[in-house]
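Q: Take a look at model-v9.pdb, PDB, C-alpha atoms:
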```
ATOM      1  CA  MET A  17       3.320 110.655  79.739  1.00  0.00           C
ATOM      2  CA  ALA A  18       5.479 107.848  81.150  1.00  0.00           C
ATOM      3  CA  LEU A  19       5.889 109.771  84.402  1.00  0.00           C
ATOM      4  CA  LEU A  20       2.158 110.415  84.607  1.00  0.00           C
ATOM      5  CA  ASP A  21       1.311 106.760  83.928  1.00  0.00           C
ATOM      6  CA  THR A  22       3.773 105.324  86.449  1.00  0.00           C
ATOM      7  CA  ARG A  23       3.733 107.851  89.271  1.00  0.00           C
ATOM      8  CA  GLY A  24       0.549 109.877  88.918  1.00  0.00           C
ATOM      9  CA  VAL A  25      -0.355 113.535  88.667  1.00  0.00           C
ATOM     10  CA  ASP A  26       1.473 114.615  91.821  1.00  0.00           C
ATOM     11  CA  ALA A  27       4.770 113.480  90.294  1.00  0.00           C
ATOM     12  CA  LEU A  28       4.437 115.941  87.410  1.00  0.00           C
ATOM     13  CA  THR A  29       6.901 118.487  88.753  1.00  0.00           C
ATOM     14  CA  MET A  30       9.522 120.317  86.724  1.00  0.00           C
ATOM     15  CA  ARG A  31      12.206 118.660  88.851  1.00  0.00           C
ATOM     16  CA  ASN A  32      10.945 115.127  88.212  1.00  0.00           C
ATOM     17  CA  ILE A  33      10.491 115.773  84.514  1.00  0.00           C
ATOM     18  CA  ALA A  34      14.000 117.211  84.226  1.00  0.00           C
ATOM     19  CA  GLU A  35      15.413 114.180  86.029  1.00  0.00           C
ATOM     20  CA  GLY A  36      13.547 111.842  83.719  1.00  0.00           C
ATOM     21  CA  LEU A  37      14.897 113.641  80.673  1.00  0.00           C
ATOM     22  CA  GLY A  38      18.419 113.864  82.050  1.00  0.00           C
ATOM     23  CA  CYS A  39      18.518 117.642  81.892  1.00  0.00           C
ATOM     24  CA  THR A  40      18.293 120.635  84.212  1.00  0.00           C
ATOM     25  CA  GLN A  41      15.139 122.479  85.165  1.00  0.00           C
ATOM     26  CA  ALA A  42      16.629 125.566  83.527  1.00  0.00           C
ATOM     27  CA  SER A  43      16.742 123.675  80.244  1.00  0.00           C
ATOM     28  CA  LEU A  44      13.037 122.916  80.500  1.00  0.00           C
ATOM     29  CA  TYR A  45      12.200 126.572  80.965  1.00  0.00           C
ATOM     30  CA  ARG A  46      13.757 127.330  77.596  1.00  0.00           C
ATOM     31  CA  HIS A  47      10.902 125.378  76.012  1.00  0.00           C
ATOM     32  CA  VAL A  48       7.923 125.983  78.318  1.00  0.00           C
ATOM     33  CA  ARG A  49       7.065 128.852  80.629  1.00  0.00           C
ATOM     34  CA  ASN A  50       5.891 126.760  83.569  1.00  0.00           C
ATOM     35  CA  ARG A  51       4.394 123.451  84.690  1.00  0.00           C
ATOM     36  CA  GLU A  52       0.912 124.521  83.662  1.00  0.00           C
ATOM     37  CA  GLU A  53       1.983 125.025  80.052  1.00  0.00           C
ATOM     38  CA  LEU A  54       3.791 121.686  80.056  1.00  0.00           C
ATOM     39  CA  VAL A  55       0.679 119.904  81.374  1.00  0.00           C
ATOM     40  CA  THR A  56      -1.462 121.627  78.742  1.00  0.00           C
ATOM     41  CA  LEU A  57       0.892 120.414  75.997  1.00  0.00           C
ATOM     42  CA  LEU A  58       0.957 116.920  77.482  1.00  0.00           C
ATOM     43  CA  VAL A  59      -2.822 116.663  77.595  1.00  0.00           C
ATOM     44  CA  ASP A  60      -3.217 118.137  74.133  1.00  0.00           C
ATOM     45  CA  ARG A  61      -0.830 115.559  72.711  1.00  0.00           C
ATOM     46  CA  ALA A  62      -2.746 112.789  74.464  1.00  0.00           C
ATOM     47  CA  LEU A  63      -5.952 114.094  72.891  1.00  0.00           C
ATOM     48  CA  SER A  64      -4.614 113.603  69.366  1.00  0.00           C
ATOM     49  CA  VAL A  65      -6.424 110.252  69.323  1.00  0.00           C
ATOM     50  CA  ALA A  66      -9.726 112.153  69.310  1.00  0.00           C
ATOM     51  CA  SER A  67      -9.242 113.096  65.654  1.00  0.00           C
ATOM     52  CA  SER A  68      -8.332 109.590  64.464  1.00  0.00           C
ATOM     53  CA  VAL A  69     -10.147 108.667  61.267  1.00  0.00           C
ATOM     54  CA  PRO A  70     -12.782 105.925  61.727  1.00  0.00           C
ATOM     55  CA  PRO A  71     -13.332 103.082  59.260  1.00  0.00           C
ATOM     56  CA  GLY A  72     -15.203 104.024  56.088  1.00  0.00           C
ATOM     57  CA  ASP A  73     -18.618 102.832  54.930  1.00  0.00           C
ATOM     58  CA  THR A  74     -20.306 103.772  58.220  1.00  0.00           C
ATOM     59  CA  ASP A  75     -22.848 106.482  58.989  1.00  0.00           C
ATOM     60  CA  TRP A  76     -22.204 109.453  61.244  1.00  0.00           C
ATOM     61  CA  ALA A  77     -23.560 107.741  64.366  1.00  0.00           C
ATOM     62  CA  GLU A  78     -21.363 104.667  63.899  1.00  0.00           C
ATOM     63  CA  LYS A  79     -18.354 106.916  63.332  1.00  0.00           C
ATOM     64  CA  ALA A  80     -19.178 108.895  66.474  1.00  0.00           C
ATOM     65  CA  ALA A  81     -19.532 105.662  68.464  1.00  0.00           C
ATOM     66  CA  TRP A  82     -16.216 104.333  67.105  1.00  0.00           C
ATOM     67  CA  SER A  83     -14.424 107.549  68.036  1.00  0.00           C
ATOM     68  CA  ALA A  84     -16.035 107.642  71.479  1.00  0.00           C
ATOM     69  CA  ARG A  85     -14.924 104.090  72.269  1.00  0.00           C
ATOM     70  CA  LEU A  86     -11.408 104.800  70.982  1.00  0.00           C
ATOM     71  CA  PHE A  87     -11.125 107.944  73.111  1.00  0.00           C
ATOM     72  CA  ARG A  88     -12.413 106.131  76.201  1.00  0.00           C
ATOM     73  CA  GLU A  89      -9.998 103.219  75.712  1.00  0.00           C
ATOM     74  CA  HIS A  90      -7.144 105.703  75.373  1.00  0.00           C
ATOM     75  CA  LEU A  91      -8.100 107.472  78.602  1.00  0.00           C
ATOM     76  CA  LEU A  92      -8.454 104.155  80.430  1.00  0.00           C
ATOM     77  CA  ARG A  93      -4.884 103.296  79.379  1.00  0.00           C
ATOM     78  CA  HIS A  94      -3.737 106.708  80.621  1.00  0.00           C
ATOM     79  CA  PRO A  95      -6.085 107.519  83.536  1.00  0.00           C
ATOM     80  CA  GLY A  96      -3.901 110.384  84.696  1.00  0.00           C
ATOM     81  CA  VAL A  97      -4.774 112.283  81.537  1.00  0.00           C
ATOM     82  CA  ALA A  98      -8.489 112.129  82.332  1.00  0.00           C
ATOM     83  CA  SER A  99      -7.904 113.730  85.731  1.00  0.00           C
ATOM     84  CA  LEU A 100      -6.030 116.626  84.070  1.00  0.00           C
ATOM     85  CA  LEU A 101      -8.663 117.499  81.485  1.00  0.00           C
ATOM     86  CA  ARG A 102     -10.015 121.010  81.893  1.00  0.00           C
ATOM     87  CA  GLY A 103     -11.657 123.497  79.569  1.00  0.00           C
ATOM     88  CA  THR A 104      -8.397 125.219  78.582  1.00  0.00           C
ATOM     89  CA  GLU A 105      -6.962 121.974  77.185  1.00  0.00           C
ATOM     90  CA  ARG A 106      -9.679 122.065  74.523  1.00  0.00           C
ATOM     91  CA  LEU A 107      -7.870 125.017  72.909  1.00  0.00           C
ATOM     92  CA  GLY A 108      -4.664 123.195  71.939  1.00  0.00           C
ATOM     93  CA  PRO A 109      -3.895 122.194  68.332  1.00  0.00           C
ATOM     94  CA  ASN A 110      -4.817 118.516  68.717  1.00  0.00           C
ATOM     95  CA  SER A 111      -7.953 119.391  70.655  1.00  0.00           C
ATOM     96  CA  LEU A 112      -9.003 121.802  67.947  1.00  0.00           C
ATOM     97  CA  ALA A 113      -8.353 119.113  65.331  1.00  0.00           C
ATOM     98  CA  GLY A 114     -10.735 116.908  67.317  1.00  0.00           C
ATOM     99  CA  VAL A 115     -13.319 119.698  67.360  1.00  0.00           C
ATOM    100  CA  GLN A 116     -12.916 120.124  63.609  1.00  0.00           C
ATOM    101  CA  TYR A 117     -13.449 116.384  63.091  1.00  0.00           C
ATOM    102  CA  SER A 118     -16.557 116.411  65.300  1.00  0.00           C
ATOM    103  CA  LEU A 119     -18.041 119.456  63.587  1.00  0.00           C
ATOM    104  CA  ASP A 120     -17.512 117.866  60.184  1.00  0.00           C
ATOM    105  CA  LEU A 121     -19.205 114.701  61.419  1.00  0.00           C
ATOM    106  CA  PHE A 122     -22.247 116.330  63.022  1.00  0.00           C
ATOM    107  CA  ILE A 123     -22.774 119.116  60.490  1.00  0.00           C
ATOM    108  CA  GLY A 124     -22.568 116.463  57.775  1.00  0.00           C
ATOM    109  CA  ALA A 125     -25.322 114.581  59.613  1.00  0.00           C
ATOM    110  CA  GLY A 126     -27.623 117.603  59.428  1.00  0.00           C
ATOM    111  CA  PHE A 127     -26.888 119.533  62.624  1.00  0.00           C
ATOM    112  CA  SER A 128     -26.575 123.303  62.635  1.00  0.00           C
ATOM    113  CA  PRO A 129     -23.040 124.480  63.521  1.00  0.00           C
ATOM    114  CA  ARG A 130     -24.238 125.567  66.973  1.00  0.00           C
ATOM    115  CA  LEU A 131     -25.966 122.281  67.696  1.00  0.00           C
ATOM    116  CA  ALA A 132     -23.056 120.288  66.241  1.00  0.00           C
ATOM    117  CA  TYR A 133     -20.643 121.999  68.637  1.00  0.00           C
ATOM    118  CA  ALA A 134     -22.932 121.400  71.601  1.00  0.00           C
ATOM    119  CA  ALA A 135     -23.435 117.741  70.642  1.00  0.00           C
ATOM    120  CA  ALA A 136     -19.692 117.149  70.263  1.00  0.00           C
ATOM    121  CA  ALA A 137     -18.979 118.815  73.609  1.00  0.00           C
ATOM    122  CA  SER A 138     -21.680 116.809  75.389  1.00  0.00           C
ATOM    123  CA  LEU A 139     -20.286 113.565  73.961  1.00  0.00           C
ATOM    124  CA  ALA A 140     -16.751 114.457  75.080  1.00  0.00           C
ATOM    125  CA  THR A 141     -18.052 115.398  78.534  1.00  0.00           C
ATOM    126  CA  PHE A 142     -19.823 112.048  78.812  1.00  0.00           C
ATOM    127  CA  ILE A 143     -16.698 110.093  77.832  1.00  0.00           C
ATOM    128  CA  ILE A 144     -14.408 111.968  80.213  1.00  0.00           C
ATOM    129  CA  GLY A 145     -16.958 111.816  83.019  1.00  0.00           C
ATOM    130  CA  SER A 146     -17.487 108.079  82.631  1.00  0.00           C
ATOM    131  CA  VAL A 147     -13.734 107.479  82.866  1.00  0.00           C
ATOM    132  CA  ASN A 148     -13.266 109.776  85.859  1.00  0.00           C
ATOM    133  CA  PHE A 149     -16.267 108.270  87.651  1.00  0.00           C
ATOM    134  CA  ASN A 150     -14.743 104.791  87.438  1.00  0.00           C
ATOM    135  CA  LEU A 151     -11.088 105.614  88.131  1.00  0.00           C
ATOM    136  CA  GLY A 152      -9.638 102.976  90.439  1.00  0.00           C
ATOM    137  CA  LEU A 153     -12.683 100.742  90.046  1.00  0.00           C
ATOM    138  CA  ASP A 154     -12.738  97.592  87.940  1.00  0.00           C
ATOM    139  CA  SER A 155     -16.396  96.608  87.861  1.00  0.00           C
ATOM    140  CA  SER A 156     -15.558  93.693  85.541  1.00  0.00           C
ATOM    141  CA  ASP A 157     -13.474  92.102  88.335  1.00  0.00           C
ATOM    142  CA  PRO A 158     -15.391  89.097  89.767  1.00  0.00           C
ATOM    143  CA  GLU A 159     -14.329  90.075  93.279  1.00  0.00           C
ATOM    144  CA  GLU A 160     -15.689  93.581  92.818  1.00  0.00           C
ATOM    145  CA  SER A 161     -19.004  92.147  91.624  1.00  0.00           C
ATOM    146  CA  ARG A 162     -19.098  89.728  94.545  1.00  0.00           C
ATOM    147  CA  HIS A 163     -18.517  92.503  97.083  1.00  0.00           C
ATOM    148  CA  ARG A 164     -21.190  94.671  95.510  1.00  0.00           C
ATOM    149  CA  ARG A 165     -23.646  91.755  95.534  1.00  0.00           C
ATOM    150  CA  LEU A 166     -23.001  91.125  99.224  1.00  0.00           C
ATOM    151  CA  LEU A 167     -23.362  94.815  99.992  1.00  0.00           C
ATOM    152  CA  TYR A 168     -26.669  95.139  98.139  1.00  0.00           C
ATOM    153  CA  ARG A 169     -28.103  91.977  99.681  1.00  0.00           C
ATOM    154  CA  SER A 170     -27.204  93.134 103.190  1.00  0.00           C
ATOM    155  CA  ARG A 171     -29.122  96.418 102.997  1.00  0.00           C
ATOM    156  CA  ASP A 172     -32.444  97.022 104.715  1.00  0.00           C
ATOM    157  CA  ALA A 173     -35.124  95.777 102.329  1.00  0.00           C
ATOM    158  CA  ALA A 174     -37.674  98.152 103.831  1.00  0.00           C
ATOM    159  CA  THR A 175     -35.494 101.176 103.014  1.00  0.00           C
ATOM    160  CA  LEU A 176     -33.886 100.001  99.761  1.00  0.00           C
ATOM    161  CA  PRO A 177     -36.272  97.357  98.414  1.00  0.00           C
ATOM    162  CA  LEU A 178     -35.238  97.517  94.753  1.00  0.00           C
ATOM    163  CA  ILE A 179     -31.515  97.327  95.505  1.00  0.00           C
ATOM    164  CA  VAL A 180     -32.017  94.265  97.694  1.00  0.00           C
ATOM    165  CA  GLN A 181     -34.459  92.609  95.304  1.00  0.00           C
ATOM    166  CA  HIS A 182     -32.223  93.048  92.259  1.00  0.00           C
ATOM    167  CA  ALA A 183     -28.852  92.714  93.991  1.00  0.00           C
ATOM    168  CA  ASP A 184     -27.569  89.972  91.687  1.00  0.00           C
ATOM    169  CA  ALA A 185     -28.462  91.795  88.470  1.00  0.00           C
ATOM    170  CA  LEU A 186     -27.140  95.154  89.677  1.00  0.00           C
ATOM    171  CA  ALA A 187     -23.823  93.670  90.771  1.00  0.00           C
ATOM    172  CA  GLU A 188     -23.208  92.333  87.260  1.00  0.00           C
ATOM    173  CA  VAL A 189     -23.431  95.749  85.582  1.00  0.00           C
ATOM    174  CA  SER A 190     -19.928  96.743  84.478  1.00  0.00           C
ATOM    175  CA  SER A 191     -18.498 100.142  83.607  1.00  0.00           C
ATOM    176  CA  ASP A 192     -18.493  98.969  79.966  1.00  0.00           C
ATOM    177  CA  ASP A 193     -22.244  98.305  80.235  1.00  0.00           C
ATOM    178  CA  GLU A 194     -22.814 101.750  81.722  1.00  0.00           C
ATOM    179  CA  PHE A 195     -20.793 103.409  78.977  1.00  0.00           C
ATOM    180  CA  GLU A 196     -22.545 101.586  76.140  1.00  0.00           C
ATOM    181  CA  VAL A 197     -26.005 102.414  77.518  1.00  0.00           C
ATOM    182  CA  GLY A 198     -25.076 106.080  77.881  1.00  0.00           C
ATOM    183  CA  LEU A 199     -23.472 106.230  74.447  1.00  0.00           C
ATOM    184  CA  LYS A 200     -26.513 104.655  72.800  1.00  0.00           C
ATOM    185  CA  ALA A 201     -28.819 107.051  74.640  1.00  0.00           C
ATOM    186  CA  LEU A 202     -26.811 110.082  73.512  1.00  0.00           C
ATOM    187  CA  LEU A 203     -26.679 109.005  69.880  1.00  0.00           C
ATOM    188  CA  THR A 204     -30.395 108.180  69.906  1.00  0.00           C
ATOM    189  CA  GLY A 205     -31.055 111.646  71.286  1.00  0.00           C
ATOM    190  CA  PHE A 206     -28.825 113.216  68.645  1.00  0.00           C
ATOM    191  CA  ARG A 207     -30.840 111.484  65.919  1.00  0.00           C
ATOM    192  CA  ALA A 208     -33.991 112.967  67.413  1.00  0.00           C
ATOM    193  CA  LEU A 209     -32.417 116.438  67.388  1.00  0.00           C
ATOM    194  CA  ILE A 210     -31.765 116.197  63.662  1.00  0.00           C
ATOM    195  CA  GLN A 211     -35.493 115.638  63.130  1.00  0.00           C
ATOM    196  CA  ASN A 212     -36.539 118.288  65.648  1.00  0.00           C
ATOM    197  CA  PRO A 213     -33.743 120.793  66.426  1.00  0.00           C
ATOM    198  CA  ASP A 214     -36.151 123.084  68.291  1.00  0.00           C
ATOM    199  CA  ILE A 215     -36.311 120.531  71.094  1.00  0.00           C
ATOM    200  CA  THR A 216     -33.181 122.113  72.627  1.00  0.00           C
ATOM    201  CA  HIS A 217     -35.189 125.255  73.395  1.00  0.00           C
ATOM    202  CA  ASP A 218     -38.029 123.473  75.224  1.00  0.00           C
TER     203      ASP A 218
END
```
Could I get this structure in the form of structure tokens?

A:
Amino acid sequence: MALLDTRGVDALTMRNIAEGLGCTQASLYRHVRNREELVTLLVDRALSVASSVPPGDTDWAEKAAWSARLFREHLLRHPGVASLLRGTERLGPNSLAGVQYSLDLFIGAGFSPRLAYAAAASLATFIIGSVNFNLGLDSSDPEESRHRRLLYRSRDAATLPLIVQHADALAEVSSDDEFEVGLKALLTGFRALIQNPDITHD
């Protein structure tokens, strides 16, 4: 994880890992078959936060929101992990513990097992996507907002009238704002699905 955080995904080679551990590459191969298995284990360990227990005395939606924010904050601290997430990593022990936690949460809220699994997967996809979409971008940075404002104001008002008209407001929207709007929309939609589960077939 330290290598990934400091040097990025491209540095995750068996040679670099062996050097960091002070051992030989041959020693590594006694524990893992290849780099792909090592990356899978690394990502799965990083995902252990997904099954962290939220504070008590909250309903299922508040627990889901708490877990979503925690997972996002974890990925923002370790952006390299987000870029490594693929479907196969969801099959590791920590990932499955996260799935178990999510199923318990959503089935307890009234979802069918099928719908609970789909809801949990869509929430995870949203979190990972929001992090990946904003990698390398700090929309809370005043300079970033200033540059976006200047860009929006300088566009052709005849072609992009709404962007020019609302340049100041648009430039102030941060990645945190985007995430919270999306999270609220998802949870609101999930509440509606509990009342009308057939909506997924429309």

Q: Name the residues that the PyMOL selection byres ((chain A and resi 117) around 12) picks from the file above, as a list in words, using the file's chain letters and numbers.

A: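 Output from the PyMOL selection byres ((chain A and resi 117) around 12), applied to this file: Ser64, Val65, Ala66, Ser67, Ser68, Val69, Pro70, Trp76, Lys79, Ala80, Ser83, Asn110, Ser111, Leu112, Ala113, Gly114, Val115, Gln116, Ser118, Leu119, Asp120, Leu121, Phe122, Ile123, Gly124, Ala132, Tyr133 and Ala136 of chain A.
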
Q: So that I can check the surroundings of Val55 of chain A, please list as a PyMOL selection string every protein, DNA and RNA residue that reaches within 12 Å of it, counting all atoms listed in the file and ignoring chain neighbours fewer than 6 positions away.

A: chain A and resi 17+19-20+25-30+33+48-49+61-62+96-97+99-102+104-105+108

Q: Between atom CA of Pro95 of chain A and atom CA of Ala135 of chain A, what is the distance, to one decimal in Å?

A: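 One can read the atom CA of Pro95 of chain A to atom CA of Ala135 of chain A distance as 23.9 Å.
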
Q: Using the chain letters and numbers from the file, give me the residues hit by the PyMOL selection byres ((chain A and resi 201-214) around 10), as a VMD selection string.

A: chain A and resid 76 to 78 80 to 81 122 to 123 125 to 128 131 to 132 135 138 to 139 142 195 to 200 215 to 218

Q: Record the distance separating atom CA of His94 of chain A and atom CA of Asp21 of chain A, expressed in Å with one decimal.

A: 6.0 Å

Q: Please, what distance in Å, to one decimal, runs between atom CA of Arg169 of chain A and atom CA of Leu153 of chain A?

A: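 Separating atom CA of Arg169 of chain A from atom CA of Leu153 of chain A is a distance of 20.2 Å.
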
Q: Since I can't run it myself right now, could you work out what the PyMOL selection byres ((chain A and resi 191) around 10) selects here and report it as a tab-separated table (two decimals) with C-alpha atoms, in the coordinates of the input?

A:
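Here's the written file part17.tsv:
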```tsv
chain	number	residue	atom	x	y	z
A	146	SER	CA	-17.49	108.08	82.63
A	147	VAL	CA	-13.73	107.48	82.87
A	149	PHE	CA	-16.27	108.27	87.65
A	150	ASN	CA	-14.74	104.79	87.44
A	153	LEU	CA	-12.68	100.74	90.05
A	154	ASP	CA	-12.74	97.59	87.94
A	155	SER	CA	-16.40	96.61	87.86
A	156	SER	CA	-15.56	93.69	85.54
A	188	GLU	CA	-23.21	92.33	87.26
A	189	VAL	CA	-23.43	95.75	85.58
A	190	SER	CA	-19.93	96.74	84.48
A	192	ASP	CA	-18.49	98.97	79.97
A	193	ASP	CA	-22.24	98.30	80.24
A	194	GLU	CA	-22.81	101.75	81.72
A	195	PHE	CA	-20.79	103.41	78.98
A	196	GLU	CA	-22.54	101.59	76.14
A	197	VAL	CA	-26.00	102.41	77.52
```

Q: Given all atoms listed in the file as the basis, pick out the residue of A:Ala187, A:Ile143, A:Leu63, A:Ala34 nearest to Arg51 of chain A.

A: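 Residue with the minimum atom-to-atom distance to Arg51 of chain A: A:Ala34.
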
Q: What lies within 9 Å of Asp184 of chain A using all atoms listed in the file, ignoring chain neighbours under 2 positions off, as a ChimeraX atom specification?

A: /A:161-162,164-166,168-169,180-182,186-188

Q: Taking into account only C-alpha atoms, which residue in the set A:Ala185, A:Leu178, A:Leu91, A:Ala84 is nearest to Ala137 of chain A?

A: A:Ala84
